[in-house]
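Accompanying notes for the structure given below.
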Amino acid sequence: MASNGNTKGGDNLYLSTMDTIDPKTVCVDLEMEENELNESDKQACGKWPILFERASGSWWNPKFDSPILEREQWEKSFPQTCRRFRAILCIILGSCLAWSVFFGIRQDAYWLEFLIASLLLLFLIALILVFTFTNFYRRFYLLTSIVLSVLLCGGINVAQFLYSNSLVSTVGTFTASIEILFMMYTVIPMPLFLSIGLGVTHSIIYEVLVAVRNDYMQQPIFIIGKTFLHLCVHVMGIHIFLMSQVGQRSTFWKIGQSVLAQRELKNEKRLKEKMIHSLMPPSVAQEVMASRQDKEQNPDEESRSKKRNSKSKNVKGEIIFRPFNMNTMDNVSILFADIVGFTKMSSNKTAAHLVGLLNDLFGRFDTLCTNSGCEKISTLGDCYYCVSGCPQPKEDHATCCINMGLGMITAIKEFDKENNESVNMRVGVHTGTVLCGIVGRQRFKFDVWSNDVTLANTMESSGLPGKVHISEASLSFLNKEDYDVEEGPDVQDNRTYKVLIEEYDTSKSTYAVRHTEEQKVIKTYFINGYKNQMADEDSKENDPSSSNQQEEDHGSTEHAEGNPEDVDKTTKKHRLSNHYESKASDANGITQNLLGRKRSASDVSLEQDNGNIETFVRIDPSLHFGNGSAVSTVDTILTNEMKENSATKYKKEEDTRDSEHGKYMNDKQIINLINEDRTNQEFFYRPPINILTLAFTNAEMETDYRDHYLEDTKNQNTVSSPRYQALLEIIISFVVFCITSVCCFLIFERQLPWILVFIISLILEVLCMIQAFTDVKYRERKVDSCPSCSHLMSGWYFRNLMGAMVTSIPVVAVYSNLSCEIAMNKLSQDYFFCYCIVMALLHYCNFTMISSWIKSIVASLAGVVILVLLYVQLCMFETAPENNPLTNGSFGYSNTTDITITKFVTVMDTGATILPPLFSGDHPLKFEIILDIVLLLVLIFFLNREFEISYRLSYHGDKQASANKQQMQLNKEQADWLLHNIIPKHVSEQLKGENCQYSKNHKDVGVIFAAIVNFNEFYDESYEGGREYLRVLNELVSDYEDLLNQHRFKDVEKIKTITSTFMAASGLNTQSRMANKHPSAHLFALMEFSIEMQEVVKRFNESLFNFDFILNIGYNHGEVTAGVIGTTKLLYDIWGDTVNISSRMYSTGVKDRIQVPEASLQLLEEMFEFEYRGTIQVKGKGDMKTYLLKGKKEGAYWE
């Protein structure tokens, strides 16, 4: 596999994908929400929290701060509002029908008038219900609500004024009045000021009429008591109205954020897919990501690797393997292509210019690769290689590679014309079996291995410029009639089977296994082009000027490549190289000749400057794929300070100019996304819940819903958040309890049961308020101090139990005042008792986070109690009670001398009807009160159900948004993880921010090459096609990489692996270097890392049976150029003489030793001990004094 580095990235794809997203509307969407939450944090630290995200700030008129959001929210919530309005109209219809039946059956005073009025109201309500299904209702919904409210309130007041002596008592009219008030606040769509205006007006008119028509209601104590009861109803109504409005807008915003997150998720997925494809084929990427997730879920893998890397002695022959992604593929065609003349072209160009040219040329090749049906593997200097038929089988794999090779030859001719260059392509193709997959876990890349890959590389190196050199195996898969084919030279075949021999090592007195192999050759062929194009090609080749020019170019190129010293003589500039020499061919196609050529072919001259030079080459992605060419502009920034100041100034101006516009565009974008999909709109009125139980259809979501109060920490500073909402509901409950208690103290006698209930209830209310308040302000402190207590009190069952108790406090408080004095109708307290019960029952509509079924069941039980009381005789009556001052004296109470029986009698002499007490069991109003309570419970059940649906709807939107954001964040992390395996984080961040290519000079950078020099002896394809040998290599490389996770090696980073050679460097991260106290700490760390690598190999050899790996390490330091090249598969690499010499230190090194040049010795001898090796001949540098590491000095320490 001819590969030089981590060319897996696709940062241009990353950037081009980001270019398709409007940066003013998309890139800031989630950041905007975070900023808003931060603003809410600041406001919460003040006096009041905000109502909901993006609230305008008005408590009495909850609205968005954006008119377009407010308008769209109304549009989306209107179907739900309309549904509720129709439902309440149906309830009113049912109530009218029930009263009509009641009047028809009872036939008491004025029954006919009431029956007609009920039927008339039923008819009018039916007309309004029909009207809501017309298109006019949306336009006149407010007028419709006003008409309905006036109609209901007017009907009650007229009945109270004209027919006060009828069979409808003040209990019935009071119950109907507060029901109407509650409906105006909750389900009749009107603004708050209208609801308050109409409601207060109705309360005043109703109570005035009641007082006028009923003398006993004119007493100050009754006026104050009834005023408090109405106040209590209005307080609960306003609270429910505000929370309903807040909930609707919070739901809208959460759903908007959900669909926005979904769109962002799609963009991230698309970006991730493109990046993954730029790294490796999707099928391979899935395996890699799966193995990464397994690693996160199964930490045992780390312990296994630590076990092997521990100092304890390993068992001979035992290796604990990591997950390994490697597959064998047959009938795969491999293409290697080399730029002939690249050294000459690069000798007089700066790094920035060369990066631009390489991106231009490789961009053309990438387009050809995609169009030809090939899979690009990587680049190695100026060498480009790809495969066809891998990882997905392909029948025409050989044809694809041949077409790719011919296309590359044509593309480079166009490149020469456009850039006035004289380079050519030498292409080699071979077909055979490959192992494809990934070796290592950091800076990995998809690659191919096998002897057939090496043979394909040999086909390229032995080929001719302008021709495709193919093997006999590749020719057998082609249609020879399509191409102009001529015979080529025989090439040595490296695919011979190795024979194991046992060799005695005299130095160790042990036997070792070695391989021997037989040599043979294969036939090769040249493809000059397509047959139907040969006539034109021949005419061009017969042109003497063209032929002479080609020969001259080829000759000069070969001369330059064969004599690197000559290039040094022609230029005073430093040559940059990032390749090393190998003593033998490896399984991935890297041969000694190729690496030698790649070293010199990558030599790039760079003008030196005393300071750091940062070069950014901006590439227009569209130009790469439009016509096969690219226009590059070079923007050289001489100093980091100039770049940072310019970027900071631009960012501030951009933020100031686009903040408001960005918010407006974000709002429009949310609206457009919601309108794109009808499913999004159904979120507003069709939550995924069971219609009966109201539980979420998804069991996991239902579990999360029940635990969300426990886990809610992100929306603490909005009223719509669970904790603030719970606090407000407790406050309202406390207000209702206080008002109820005041009424009880005013009207009823202060008996012991009531005093005890009051004290217990007050304590319970105060404790609940403290609990809710501390949940808002000191949640984290509570959790830290007592996690189990906090978990218990925030749990679903505990909250429902406490909610049922707290909502029942007003009812229990009223019932605790029931006594024989009230039953005997002293001062009409029995009627006021009923008023309090009716008002207290409405309190069960509070606490929207509690299950509606629990509240409704408890409310029903409370209602049943008063119904039972109306049917039983509560007390024994021995004396006649005082005359009851009812209305105008038409009703009175009288008791017989029988203390056990209370009878209904008519007083003939006065014409007045004497009735028994209300709670005697025989009062005729019990049937009316029963109907009142039943209808009230129906309304309470309906409202509780609607409130829970709304709350669950809001939670569902928030949950969806949160889940989408988490998934998007996961995709980002995965994409970053993949990107950082190609390009270091400190480099990739600059690429993202500047939308450009990158190259930068670094001084005093340490570079090592660590190679298993005898791996080729170990590798054998006769067993499992060589797969298990690569598994061993994967383990070794992964052990190297595990060292990089240690903090002491924070300055060391892996550059790449080429088969069994591991390349690393230190000092490329400027920020990390600046944090060191010693200026050479990164160089010391790299040397210590090299020592640890030797220990890794030593421990690894203990696990191998009868074979020892030999690790040679070459070390050097100096100036390098780091850069990123490529358009679809990025390559981060370093170039320079420092890299060249480091590679020479390894290739000329001593077995299992670390070799350094004299310049590095002078820096390292402060912390390490060396021994002089002697003078060695270094290709391209002449004689150099070198030294071998003896070890780390005792007590050596650096920071």
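The chains in the structure tokens are called A, B, ... from first to last as shown; in each chain the residues are counted from 1, and the ligands are counted from 1 in the order shown.
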
Tell me, as a PyMOL selection string, which residues lie within 8 Å of Asn1069 of chain A, counting only C-alpha atoms; anything in the same chain fewer than 4 positions away does not count. chain A and resi 986+1051+1073

Just want the 12 Å neighbourhood of Val1005 of chain A, counted on only C-alpha atoms, with same-chain residues fewer than 4 positions away dropped. Output as an NGL selection string. :A and (1001 or 1051-1053 or 1064-1070 or 1073 or 1079-1086 or 1115-1122 or 1134-1139 or 1142 or 1160)

Selected residues, C-alpha atoms, written as a PDB file, in the first residue's frame, please.
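Everything below was put into selection06.pdb:
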ATOM      1  CA  ASN A1001       6.871  27.099   9.239  1.00  0.00           C
ATOM      2  CA  ASP A1051       3.721  17.795  22.694  1.00  0.00           C
ATOM      3  CA  VAL A1052       4.208  14.600  20.678  1.00  0.00           C
ATOM      4  CA  GLU A1053       1.843  13.803  17.838  1.00  0.00           C
ATOM      5  CA  ALA A1064       5.988  11.291  14.905  1.00  0.00           C
ATOM      6  CA  ALA A1065       6.930  14.870  15.680  1.00  0.00           C
ATOM      7  CA  SER A1066       6.920  17.260  18.619  1.00  0.00           C
ATOM      8  CA  GLY A1067       6.628  21.024  18.807  1.00  0.00           C
ATOM      9  CA  LEU A1068       4.048  21.567  16.067  1.00  0.00           C
ATOM     10  CA  ASN A1069       1.441  22.873  18.488  1.00  0.00           C
ATOM     11  CA  THR A1070       2.593  26.383  19.317  1.00  0.00           C
ATOM     12  CA  ARG A1073       4.951  24.543  23.453  1.00  0.00           C
ATOM     13  CA  PRO A1079      12.236  25.689  25.777  1.00  0.00           C
ATOM     14  CA  SER A1080      13.380  22.218  24.705  1.00  0.00           C
ATOM     15  CA  ALA A1081      10.861  20.255  26.763  1.00  0.00           C
ATOM     16  CA  HIS A1082       9.071  19.041  23.635  1.00  0.00           C
ATOM     17  CA  LEU A1083      12.347  17.684  22.240  1.00  0.00           C
ATOM     18  CA  PHE A1084      13.088  15.863  25.479  1.00  0.00           C
ATOM     19  CA  ALA A1085       9.551  14.452  25.466  1.00  0.00           C
ATOM     20  CA  LEU A1086      10.014  13.093  21.942  1.00  0.00           C
ATOM     21  CA  TYR A1115      15.851  11.317  15.557  1.00  0.00           C
ATOM     22  CA  ASN A1116      16.462  14.859  14.349  1.00  0.00           C
ATOM     23  CA  HIS A1117      15.262  18.359  15.087  1.00  0.00           C
ATOM     24  CA  GLY A1118      15.136  21.613  13.197  1.00  0.00           C
ATOM     25  CA  GLU A1119      12.874  23.685  11.002  1.00  0.00           C
ATOM     26  CA  VAL A1120       9.978  22.059   9.174  1.00  0.00           C
ATOM     27  CA  THR A1121       7.012  23.186   7.126  1.00  0.00           C
ATOM     28  CA  ALA A1122       3.665  21.728   8.181  1.00  0.00           C
ATOM     29  CA  ILE A1134       5.586  17.981   7.397  1.00  0.00           C
ATOM     30  CA  TRP A1135       8.426  18.658   5.008  1.00  0.00           C
ATOM     31  CA  GLY A1136      12.000  19.822   5.265  1.00  0.00           C
ATOM     32  CA  ASP A1137      15.625  18.840   5.636  1.00  0.00           C
ATOM     33  CA  THR A1138      14.859  17.999   9.241  1.00  0.00           C
ATOM     34  CA  VAL A1139      12.528  15.254   8.038  1.00  0.00           C
ATOM     35  CA  SER A1142      15.580  12.009  10.519  1.00  0.00           C
ATOM     36  CA  SER A1160      20.479  17.270  18.082  1.00  0.00           C
TER      37      SER A1160
END

To one decimal place in Å, what is the distance between atom CA of Cys90 of chain A and atom CA of Thr132 of chain A?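 One can read the atom CA of Cys90 of chain A to atom CA of Thr132 of chain A distance as 12.0 Å.
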
DSSP on the backbone: which residues in segment 958-1040 of chain A end up as strand (DSSP E or B)? Give the answer as a ChimeraX atom specification. /A:998-1012

Report as a list in words all protein, DNA and RNA residues lying within 6 Å of segment 748-756 of chain A, evaluated on only C-alpha atoms, omitting residues in the same chain fewer than 3 positions from it. Cys744, Phe745, Ile759, Ser816 and Asn817 of chain A

Could you give me, as a PyMOL selection string, the residues within 9 Å of Phe114 of chain A, counting only C-alpha atoms and dropping anything in the same chain fewer than 5 positions from it? chain A and resi 99-100+103+119+159

Export of prior selection with all heavy atoms as a short mmCIF file (atom, residue, chain, number, x, y, z; two decimals), in the first residue's frame:
data_model
loop_
_atom_site.label_atom_id
_atom_site.label_comp_id
_atom_site.auth_asym_id
_atom_site.auth_seq_id
_atom_site.Cartn_x
_atom_site.Cartn_y
_atom_site.Cartn_z
N TRP A 99 -79.93 20.79 32.09
CA TRP A 99 -80.81 21.71 32.80
C TRP A 99 -82.23 21.68 32.23
O TRP A 99 -83.21 21.81 32.96
CB TRP A 99 -80.25 23.13 32.74
CG TRP A 99 -79.14 23.38 33.72
CD1 TRP A 99 -77.85 23.56 33.45
CD2 TRP A 99 -79.28 23.45 35.15
NE1 TRP A 99 -77.12 23.75 34.60
CE2 TRP A 99 -78.00 23.69 35.67
CE3 TRP A 99 -80.35 23.32 36.04
CZ2 TRP A 99 -77.75 23.81 37.02
CZ3 TRP A 99 -80.11 23.45 37.40
CH2 TRP A 99 -78.83 23.69 37.88
N SER A 100 -82.32 21.49 30.92
CA SER A 100 -83.66 21.41 30.31
C SER A 100 -84.42 20.20 30.85
O SER A 100 -85.61 20.28 31.19
CB SER A 100 -83.54 21.33 28.79
OG SER A 100 -82.90 22.47 28.27
N PHE A 103 -85.39 20.96 34.51
CA PHE A 103 -86.55 21.85 34.63
C PHE A 103 -87.84 21.12 34.23
O PHE A 103 -88.89 21.31 34.85
CB PHE A 103 -86.37 23.09 33.77
CG PHE A 103 -85.23 23.98 34.21
CD1 PHE A 103 -84.41 24.59 33.29
CD2 PHE A 103 -84.99 24.18 35.56
CE1 PHE A 103 -83.39 25.40 33.69
CE2 PHE A 103 -83.94 24.99 35.98
CZ PHE A 103 -83.14 25.61 35.04
N LEU A 119 -83.47 25.90 26.34
CA LEU A 119 -83.52 25.43 24.95
C LEU A 119 -83.05 26.52 23.99
O LEU A 119 -82.38 26.23 22.99
CB LEU A 119 -84.93 24.98 24.61
CG LEU A 119 -85.42 23.73 25.37
CD1 LEU A 119 -86.87 23.44 25.02
CD2 LEU A 119 -84.54 22.53 25.04
N ALA A 159 -81.42 35.71 34.98
CA ALA A 159 -82.13 34.71 35.78
C ALA A 159 -82.08 35.06 37.26
O ALA A 159 -83.07 34.90 37.99
CB ALA A 159 -81.52 33.34 35.54
#

Interatomic distance, atom CA of Ala473 of chain A to atom CA of Ile412 of chain A (Å, one decimal):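 The value is 26.8 Å.
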
Which residues of segment 63-161 of chain A come within 12 Å of segment 244-261 of chain A, and what is each one's closest atom pair and distance in Å (one decimal), counting only C-alpha atoms, sorted by chain and residue number, as a tab-separated table?
residue	atom	partner	partner_atom	distance
A:Lys63	CA	A:Arg249	CA	7.7
A:Phe64	CA	A:Arg249	CA	7.6
A:Asp65	CA	A:Arg249	CA	11.2
A:Ser66	CA	A:Trp253	CA	11.7
A:Leu69	CA	A:Trp253	CA	8.7
A:Glu70	CA	A:Arg249	CA	8.2
A:Arg71	CA	A:Arg249	CA	11.0
A:Glu72	CA	A:Phe252	CA	9.0
A:Gln73	CA	A:Phe252	CA	6.2
A:Trp74	CA	A:Arg249	CA	8.9
A:Glu75	CA	A:Phe252	CA	10.6
A:Lys76	CA	A:Phe252	CA	8.0
A:Ser77	CA	A:Gln248	CA	7.1
A:Phe78	CA	A:Gln248	CA	10.3
A:Gln80	CA	A:Gln248	CA	9.8
A:Thr81	CA	A:Gln248	CA	10.0

Would you write out those residues with N, CA and C atoms, as a compact mmCIF listing (two decimals), in the first residue's frame?
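What ended up in selection.txt:
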# COMPACT_ATOMS: atom_id res chain seq x y z
N LYS A 63 -45.90 37.67 24.99
CA LYS A 63 -45.69 37.63 23.54
C LYS A 63 -44.23 37.40 23.25
N PHE A 64 -43.97 36.95 22.02
CA PHE A 64 -42.60 36.86 21.55
C PHE A 64 -42.06 38.26 21.29
N ASP A 65 -40.75 38.38 21.32
CA ASP A 65 -40.14 39.66 21.00
C ASP A 65 -40.05 39.89 19.49
N SER A 66 -40.55 38.92 18.74
CA SER A 66 -40.54 39.01 17.28
C SER A 66 -41.97 38.95 16.76
N LEU A 69 -42.71 35.76 14.78
CA LEU A 69 -42.88 34.58 15.61
C LEU A 69 -44.25 34.58 16.29
N GLU A 70 -44.66 35.74 16.77
CA GLU A 70 -45.95 35.84 17.45
C GLU A 70 -47.08 35.53 16.50
N ARG A 71 -47.00 36.04 15.29
CA ARG A 71 -48.04 35.79 14.29
C ARG A 71 -48.09 34.32 13.91
N GLU A 72 -46.93 33.74 13.71
CA GLU A 72 -46.90 32.34 13.31
C GLU A 72 -47.34 31.43 14.46
N GLN A 73 -46.99 31.81 15.69
CA GLN A 73 -47.42 31.01 16.83
C GLN A 73 -48.94 30.99 16.93
N TRP A 74 -49.56 32.13 16.68
CA TRP A 74 -51.02 32.18 16.70
C TRP A 74 -51.61 31.29 15.62
N GLU A 75 -51.00 31.32 14.44
CA GLU A 75 -51.48 30.48 13.34
C GLU A 75 -51.39 29.00 13.69
N LYS A 76 -50.29 28.62 14.29
CA LYS A 76 -50.08 27.20 14.57
C LYS A 76 -50.88 26.72 15.77
N SER A 77 -51.11 27.59 16.75
CA SER A 77 -51.87 27.17 17.93
C SER A 77 -53.37 27.32 17.75
N PHE A 78 -53.79 28.00 16.68
CA PHE A 78 -55.22 28.24 16.49
C PHE A 78 -56.01 26.94 16.35
N GLN A 80 -55.52 24.09 17.77
CA GLN A 80 -55.69 23.57 19.13
C GLN A 80 -56.67 24.43 19.91
N THR A 81 -56.57 25.75 19.77
CA THR A 81 -57.50 26.66 20.44
C THR A 81 -58.92 26.43 19.96
